[in-house]
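See below for query.txt, which holds compact mmCIF, C-alpha atoms.
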# COMPACT_ATOMS: atom_id res chain seq x y z
CA MET A 29 105.87 63.17 -9.83
CA MET A 30 105.27 66.11 -7.48
CA ALA A 31 101.50 65.75 -7.89
CA ASP A 32 101.71 62.01 -7.15
CA ALA A 33 103.76 62.65 -4.01
CA GLU A 34 101.27 65.25 -2.81
CA ARG A 35 98.33 62.93 -3.47
CA GLU A 36 100.10 60.15 -1.57
CA GLU A 37 100.82 62.45 1.37
CA ALA A 38 97.23 63.71 1.34
CA LEU A 39 95.94 60.12 1.32
CA SER A 40 98.29 59.23 4.19
CA LEU A 41 97.03 62.20 6.21
CA GLN A 42 93.42 61.27 5.47
CA ASN A 43 94.03 57.69 6.63
CA GLU A 44 95.67 58.91 9.86
CA PHE A 45 92.83 61.39 10.38
CA GLU A 46 90.26 58.61 9.94
CA TRP A 47 92.20 56.34 12.33
CA VAL A 48 92.29 59.07 15.01
CA LEU A 49 88.60 59.83 14.43
CA HIS A 50 87.35 56.25 14.67
CA LYS A 51 89.97 54.45 16.80
CA GLU A 52 92.29 56.67 18.84
CA VAL A 53 89.54 58.93 20.20
CA HIS A 54 87.76 55.91 21.69
CA ALA A 55 91.02 54.47 23.03
CA VAL A 56 91.89 57.74 24.77
CA LEU A 57 88.36 58.13 26.13
CA ASN A 58 88.68 54.65 27.64
CA GLN A 59 92.03 55.59 29.20
CA LEU A 60 90.51 58.79 30.56
CA SER A 61 87.61 56.87 32.05
CA ASN A 62 89.99 54.58 33.93
CA ILE A 63 92.12 57.50 35.17
CA LEU A 64 89.11 59.53 36.34
CA THR A 65 87.52 56.53 38.05
CA GLU A 66 90.81 55.98 39.89
CA CYS A 67 90.93 59.69 40.76
CA LEU A 68 87.40 59.50 42.17
CA ARG A 69 88.42 56.56 44.34
CA ARG A 70 91.13 58.71 45.97
CA PHE A 71 88.55 61.02 47.51
CA PRO A 72 87.53 59.78 50.99
CA MET A 73 83.87 60.30 50.15
CA SER A 74 81.07 57.81 50.60
CA PHE A 75 80.17 56.07 47.34
CA SER A 76 79.09 52.88 49.09
CA SER A 77 75.54 51.84 49.93
CA ASP A 78 76.24 51.63 53.66
CA GLY A 79 77.31 55.29 53.77
CA SER A 80 80.55 54.53 55.61
CA GLN A 81 83.26 57.20 55.47
CA LYS A 82 86.87 57.33 56.48
CA HIS A 83 87.88 59.63 59.33
CA GLU A 84 91.36 61.17 59.20
CA LYS A 85 93.08 63.02 62.02
CA TYR A 86 95.54 65.81 61.31
CA VAL A 87 97.65 67.86 63.71
CA PHE A 88 98.78 71.36 62.72
CA SER A 89 101.97 72.19 64.54
CA GLY A 90 105.02 74.41 64.33
CA LEU A 91 103.43 77.72 65.26
CA ASP A 92 103.19 79.01 68.84
CA GLN A 93 100.40 81.44 67.92
CA LEU A 94 98.10 78.84 66.33
CA LYS A 95 97.67 75.14 67.07
CA CYS A 96 94.94 72.92 65.72
CA VAL A 97 93.81 69.28 65.63
CA VAL A 98 91.12 68.31 63.12
CA SER A 99 89.15 65.24 62.13
CA LEU A 100 88.48 65.20 58.39
CA CYS A 101 85.66 63.08 57.00
CA GLY A 102 84.93 63.33 53.30
CA ASP A 103 84.43 67.00 52.49
CA SER A 104 83.87 68.08 56.11
CA ILE A 105 85.85 68.83 59.22
CA THR A 106 83.69 66.97 61.71
CA GLN A 107 85.66 67.85 64.81
CA ALA A 108 88.43 70.30 65.62
CA GLU A 109 90.14 71.93 68.55
CA ILE A 110 91.75 75.28 67.79
CA ASN A 111 94.05 77.06 70.26
CA PHE A 112 95.64 80.40 69.52
CA ARG A 113 97.18 83.47 71.09
CA ILE A 114 96.71 87.04 69.95
CA GLN A 115 98.15 90.35 71.07
CA ARG A 116 95.77 92.81 72.64
CA GLN A 117 96.92 95.04 75.49
CA GLN A 118 98.50 91.79 76.56
CA VAL A 119 98.74 88.31 75.05
CA VAL A 120 95.36 86.54 75.26
CA GLN A 121 94.83 82.78 74.86
CA TYR A 122 91.71 81.52 73.08
CA ARG A 123 90.26 78.08 72.50
CA THR A 124 87.34 77.12 70.26
CA CYS A 125 85.97 73.91 68.72
CA ILE A 126 84.13 72.46 65.77
CA GLN A 127 81.62 69.87 66.92
CA SER A 128 80.30 66.89 64.95
CA GLU A 129 76.69 68.16 64.86
CA ASN A 130 77.87 71.31 63.02
CA PRO A 131 80.73 70.25 60.72
CA TRP A 132 82.81 72.73 58.73
CA ARG A 133 82.18 72.02 55.05
CA LEU A 134 85.12 72.23 52.65
CA HIS A 135 83.16 73.03 49.49
CA GLN A 136 86.28 72.86 47.32
CA ILE A 137 86.40 69.07 47.76
CA GLN A 138 82.75 68.58 46.77
CA ASP A 139 83.20 70.96 43.82
CA ALA A 140 86.17 68.91 42.56
CA VAL A 141 84.16 65.68 42.88
CA ASN A 142 81.20 67.21 41.02
CA HIS A 143 83.39 68.34 38.09
CA LEU A 144 85.09 64.93 38.03
CA ASN A 145 81.73 63.14 37.91
CA GLN A 146 80.55 65.42 35.09
CA ALA A 147 83.66 64.58 33.05
CA ILE A 148 82.93 60.87 33.54
CA VAL A 149 79.33 61.43 32.41
CA TYR A 150 80.56 63.07 29.17
CA ILE A 151 82.79 60.05 28.51
CA ASP A 152 80.09 57.51 29.37
CA ASN A 153 77.66 59.25 26.99
CA VAL A 154 79.90 58.27 24.05
CA ASP A 155 79.07 54.71 23.03
CA LYS A 156 82.17 52.57 22.47
CA ASN A 157 80.95 51.68 18.97
CA TYR A 158 79.88 55.20 18.04
CA ASN A 159 81.29 56.59 14.77
CA PHE A 160 82.02 60.29 15.04
CA ARG A 161 80.61 62.08 12.04
CA SER A 162 82.64 65.29 12.13
CA SER A 163 85.64 67.06 13.60
CA GLU A 164 83.33 69.45 15.44
CA GLU A 165 81.71 66.51 17.23
CA VAL A 166 85.07 65.23 18.52
CA LEU A 167 86.26 68.68 19.52
CA HIS A 168 82.99 69.35 21.37
CA VAL A 169 83.37 66.17 23.45
CA LEU A 170 87.06 66.82 24.20
CA GLY A 171 86.34 70.47 25.02
CA SER A 172 83.58 69.50 27.45
CA ILE A 173 85.83 67.00 29.23
CA LEU A 174 88.76 69.44 29.36
CA GLY A 175 86.51 72.12 30.83
CA CYS A 176 85.37 69.82 33.65
CA LEU A 177 88.93 68.71 34.43
CA GLN A 178 90.28 72.26 34.45
CA ARG A 179 87.49 73.47 36.76
CA GLY A 180 87.92 70.47 39.07
CA ARG A 181 91.68 70.94 39.38
CA THR A 182 91.36 74.70 39.80
CA SER A 183 88.82 74.31 42.61
CA LEU A 184 91.53 72.56 44.65
CA ILE A 185 94.48 74.76 43.65
CA LEU A 186 92.88 78.21 43.79
CA PRO A 187 90.50 78.70 46.74
CA ARG A 188 87.79 81.31 46.28
CA LYS A 189 88.81 84.62 47.78
CA ARG A 190 86.60 85.82 50.61
CA THR A 191 86.90 89.00 52.60
CA VAL A 192 87.52 88.90 56.35
CA VAL A 193 84.08 90.47 56.84
CA ASP A 194 82.49 87.64 54.80
CA LEU A 195 84.32 85.10 56.95
CA MET A 196 83.12 86.76 60.15
CA LYS A 197 79.50 86.52 58.96
CA SER A 198 79.77 82.95 57.69
CA ARG A 199 77.71 80.08 59.02
CA ASN A 200 80.87 78.15 59.89
CA MET A 201 82.00 80.95 62.23
CA ARG A 202 78.61 80.97 63.98
CA ASN A 203 78.93 77.23 64.62
CA LEU A 204 82.21 77.51 66.54
CA VAL A 205 81.92 76.64 70.24
CA PRO A 206 82.45 78.99 71.95
CA ASN A 207 82.00 81.80 69.41
CA LEU A 208 84.99 84.03 68.78
CA PRO A 209 85.06 87.75 69.54
CA GLU A 210 83.72 89.95 66.74
CA ASP A 211 87.17 91.15 65.68
CA LEU A 212 88.41 87.60 64.90
CA ALA A 213 87.76 85.30 61.96
CA LEU A 214 88.82 81.73 61.27
CA SER A 215 89.08 79.95 57.93
CA PHE A 216 89.83 76.43 56.70
CA TYR A 217 90.56 75.92 53.02
CA ILE A 218 92.34 73.68 50.51
CA GLN A 219 95.28 74.92 48.47
CA SER A 220 96.86 72.31 46.25
CA HIS A 221 97.65 69.28 48.45
CA LYS A 222 97.46 71.26 51.71
CA LEU A 223 94.73 71.89 54.26
CA ILE A 224 95.24 75.37 55.71
CA VAL A 225 93.81 76.98 58.84
CA ALA A 226 94.03 80.77 58.96
CA LEU A 227 93.25 83.19 61.76
CA TYR A 228 92.50 86.87 61.08
CA GLN A 229 92.36 89.75 63.55
CA VAL A 230 90.85 93.12 62.65
CA SER A 231 91.80 96.20 64.64
CA ASN A 232 91.00 99.89 64.32
CA ILE A 233 94.00 102.10 65.02
CA HIS A 234 93.24 105.83 64.91
CA GLY A 235 90.51 105.25 62.33
CA ASN A 236 92.62 102.94 60.16
CA MET A 237 91.66 99.27 59.76
CA LYS A 238 94.51 96.86 60.33
CA PHE A 239 94.50 93.13 59.53
CA ASP A 240 96.80 90.62 61.17
CA SER A 241 96.86 86.96 60.20
CA HIS A 242 98.43 83.68 61.24
CA GLN A 243 98.14 80.37 59.47
CA ALA A 244 99.21 76.76 59.76
CA GLU A 245 99.09 73.98 57.19
CA ILE A 246 99.35 70.23 56.83
CA SER A 247 99.81 68.04 53.77
CA VAL A 248 96.93 65.70 52.87
CA PRO A 249 98.39 62.69 51.00
CA TRP A 250 95.27 61.76 49.02
CA LEU A 251 94.91 65.35 47.73
CA ASN A 252 98.36 65.06 46.16
CA GLU A 253 97.31 61.80 44.44
CA VAL A 254 94.09 63.42 43.20
CA LEU A 255 95.97 66.37 41.69
CA VAL A 256 98.47 64.07 39.96
CA LEU A 257 95.62 62.11 38.33
CA PHE A 258 93.81 65.33 37.36
CA THR A 259 97.02 66.53 35.68
CA VAL A 260 97.62 63.22 33.85
CA ALA A 261 94.03 63.24 32.54
CA LEU A 262 94.29 66.87 31.44
CA GLN A 263 97.54 66.24 29.57
CA LEU A 264 96.15 63.13 27.84
CA CYS A 265 93.00 64.92 26.75
CA GLN A 266 94.88 68.04 25.61
CA GLN A 267 97.42 65.98 23.64
CA LEU A 268 94.64 64.24 21.72
CA LYS A 269 92.91 67.56 21.01
CA ASP A 270 96.19 69.13 19.81
CA LYS A 271 96.98 66.12 17.60
CA TYR A 272 93.50 66.19 16.12
CA LEU A 273 93.69 69.93 15.38
CA GLU A 274 97.14 69.52 13.82
CA LEU A 275 95.96 66.72 11.53
CA LYS A 276 92.93 68.78 10.56
CA LEU A 277 95.17 71.76 9.76
CA PHE A 278 97.50 69.71 7.53
CA GLN A 279 94.51 68.13 5.87
CA ASN A 280 93.07 71.56 5.05
CA ILE A 281 96.46 72.77 3.71
CA HIS A 282 96.66 69.84 1.30
CA ARG A 283 93.17 70.64 0.03
CA ILE A 284 94.19 74.19 -0.91

Please rewrite the model in this file as structure tokens.
Amino acid sequence: MMADAEREEALSLQNEFEWVLHKEVHAVLNQLSNILTECLRRFPMSFSSDGSQKHEKYVFSGLDQLKCVVSLCGDSITQAEINFRIQRQQVVQYRTCIQSENPWRLHQIQDAVNHLNQAIVYIDNVDKNYNFRSSEEVLHVLGSILGCLQRGRTSLILPRKRTVVDLMKSRNMRNLVPNLPEDLALSFYIQSHKLIVALYQVSNIHGNMKFDSHQAEISVPWLNEVLVLFTVALQLCQQLKDKYLELKLFQNIHRI
């Protein structure tokens, strides 16, 4: 009786494993394709033949030391006016601009789009009628998609760290009009659903380098939507991978 029960359970597991392999994987890949296509649509990038792009205006406010108005178009700040005050021997007021002929590129946005597109390519490369031949094949596809989604989400949540010196030497800094004094650096970056502008001042006091900073931030609604869809896709893909590994584990136990 025990042997019959074990055989029946093993057969049930094998049937579920086969169903996941040949049916559920394709169903989830289809769901993922729809979610990622929707996520891609949230980015205000140009995917149309006429090259039209949406311009968004954002006003950073709330700080006396740093005020900023930007025009965001796709992955670039095409125009900006930045006003700030810093303490020298006395308080000094500065004003600088980003002009449309030299936009400030936000590479994090383009990186996220590139990883998203690569995930869609991995999904599209699996024919809807394709029969997976092995567990390794399924896990390879899911692993590739997960990797793209994790890198895409991380590119928006964790900006690359750059030193103040690197910022001072950057092309974006050279394109500001007028240029800032050599002891100042400006940075725009994405962190989660926020666009942040940061100002850094370097001073040398009795041979010791001192760094002062001020920053302001605004919430970008479509970034929040993008991150939600990234998270939903990641969870869906991870759940399928975990279920598949669990079934495979039980299947191997029953073979022992």

Could I get the residues of region 59-113 of chain A with an atom no further than 10 Å from an atom of region 243-261 of chain A, each paired with its nearest atom pair and that distance in Å to one decimal, using only C-alpha atoms, sorted by chain and residue number, as a Markdown table?
| residue | atom | partner | partner_atom | distance |
| --- | --- | --- | --- | --- |
| A:Gln59 | CA | A:Ala261 | CA | 8.6 |
| A:Leu60 | CA | A:Ala261 | CA | 6.0 |
| A:Ser61 | CA | A:Ala261 | CA | 9.1 |
| A:Asn62 | CA | A:Ala261 | CA | 9.7 |
| A:Ile63 | CA | A:Leu257 | CA | 6.6 |
| A:Leu64 | CA | A:Ala261 | CA | 7.2 |
| A:Thr65 | CA | A:Leu257 | CA | 9.8 |
| A:Glu66 | CA | A:Leu257 | CA | 7.9 |
| A:Cys67 | CA | A:Val254 | CA | 5.5 |
| A:Leu68 | CA | A:Val254 | CA | 7.8 |
| A:Arg69 | CA | A:Val254 | CA | 9.0 |
| A:Arg70 | CA | A:Trp250 | CA | 6.0 |
| A:Phe71 | CA | A:Trp250 | CA | 6.9 |
| A:Pro72 | CA | A:Trp250 | CA | 8.2 |
| A:Glu84 | CA | A:Val248 | CA | 9.6 |
| A:Tyr86 | CA | A:Ile246 | CA | 7.4 |
| A:Val87 | CA | A:Ile246 | CA | 7.5 |
| A:Phe88 | CA | A:Ile246 | CA | 6.0 |
| A:Ser89 | CA | A:Ala244 | CA | 7.2 |
| A:Gly90 | CA | A:Ala244 | CA | 7.8 |
| A:Leu91 | CA | A:Ala244 | CA | 7.0 |
| A:Gln93 | CA | A:Gln243 | CA | 8.8 |
| A:Leu94 | CA | A:Ala244 | CA | 7.0 |
| A:Lys95 | CA | A:Ala244 | CA | 7.6 |
| A:Cys96 | CA | A:Ala244 | CA | 8.3 |

One-decimal distance in Å that lies between CA of Asn153 (chain A) and CA of Leu170 (chain A):
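According to the coordinates, CA of Leu170 (chain A) and CA of Asn153 (chain A) are separated by 12.4 Å.
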
Please return as a VMD selection string every residue within 9 Å of (88.1, 66.6, 55.8), taking into account only C-alpha atoms and the file's own coordinates.
chain A and resid 72 83 to 85 98 to 106 132 to 134 137 223

What would the file look like if the residues just selected were written as an mmCIF file, in the coordinates of the input with C-alpha atoms?
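again_12.cif written:
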data_model
loop_
_atom_site.group_PDB
_atom_site.id
_atom_site.type_symbol
_atom_site.label_atom_id
_atom_site.label_comp_id
_atom_site.auth_asym_id
_atom_site.auth_seq_id
_atom_site.Cartn_x
_atom_site.Cartn_y
_atom_site.Cartn_z
ATOM 1 C CA PRO A 72 87.530 59.780 50.990
ATOM 2 C CA HIS A 83 87.880 59.630 59.330
ATOM 3 C CA GLU A 84 91.360 61.170 59.200
ATOM 4 C CA LYS A 85 93.080 63.020 62.020
ATOM 5 C CA VAL A 98 91.120 68.310 63.120
ATOM 6 C CA SER A 99 89.150 65.240 62.130
ATOM 7 C CA LEU A 100 88.480 65.200 58.390
ATOM 8 C CA CYS A 101 85.660 63.080 57.000
ATOM 9 C CA GLY A 102 84.930 63.330 53.300
ATOM 10 C CA ASP A 103 84.430 67.000 52.490
ATOM 11 C CA SER A 104 83.870 68.080 56.110
ATOM 12 C CA ILE A 105 85.850 68.830 59.220
ATOM 13 C CA THR A 106 83.690 66.970 61.710
ATOM 14 C CA TRP A 132 82.810 72.730 58.730
ATOM 15 C CA ARG A 133 82.180 72.020 55.050
ATOM 16 C CA LEU A 134 85.120 72.230 52.650
ATOM 17 C CA ILE A 137 86.400 69.070 47.760
ATOM 18 C CA LEU A 223 94.730 71.890 54.260
#

Among listed residues A:Val166, A:Cys265, A:Val149, A:Ile114, nearest Leu212 (chain A) (using only C-alpha atoms)
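Checking each candidate against Leu212 (chain A), we get A:Ile114 as the closest.
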
Work out how far apart CA of Tyr217 (chain A) and CA of Asn232 (chain A) are and give it in Å to one decimal.
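Rounded to one decimal, the two atoms are 26.5 Å apart.
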
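What separates CA of Gln266 (chain A) from CA of Leu174 (chain A) is a distance of 7.3 Å.
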
Could you tell me which of A:Asp92, A:Asp211, A:Asp139, A:Asp152 comes closest to Leu57 (chain A) if we count only C-alpha atoms?
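For Leu57 (chain A), the nearest of the given residues is A:Asp152.
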
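If you measure from each of A:Val193, A:Leu177, A:Lys271, A:Leu144 to Met237 (chain A) using all atoms listed in the file, the closest one turns out to be A:Val193.
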
Name all residues at most 10 Å from Lys197 (chain A) (count only C-alpha atoms; drop same-chain ones fewer than 4 positions away) and give them as a PyMOL selection string.
chain A and resi 192-193+201-202+210+213

With distances taken over all atoms listed in the file, which residue among A:Ser172, A:Gln229, A:Asn111, A:Asn159 lies nearest Lys51 (chain A)?
A:Asn159
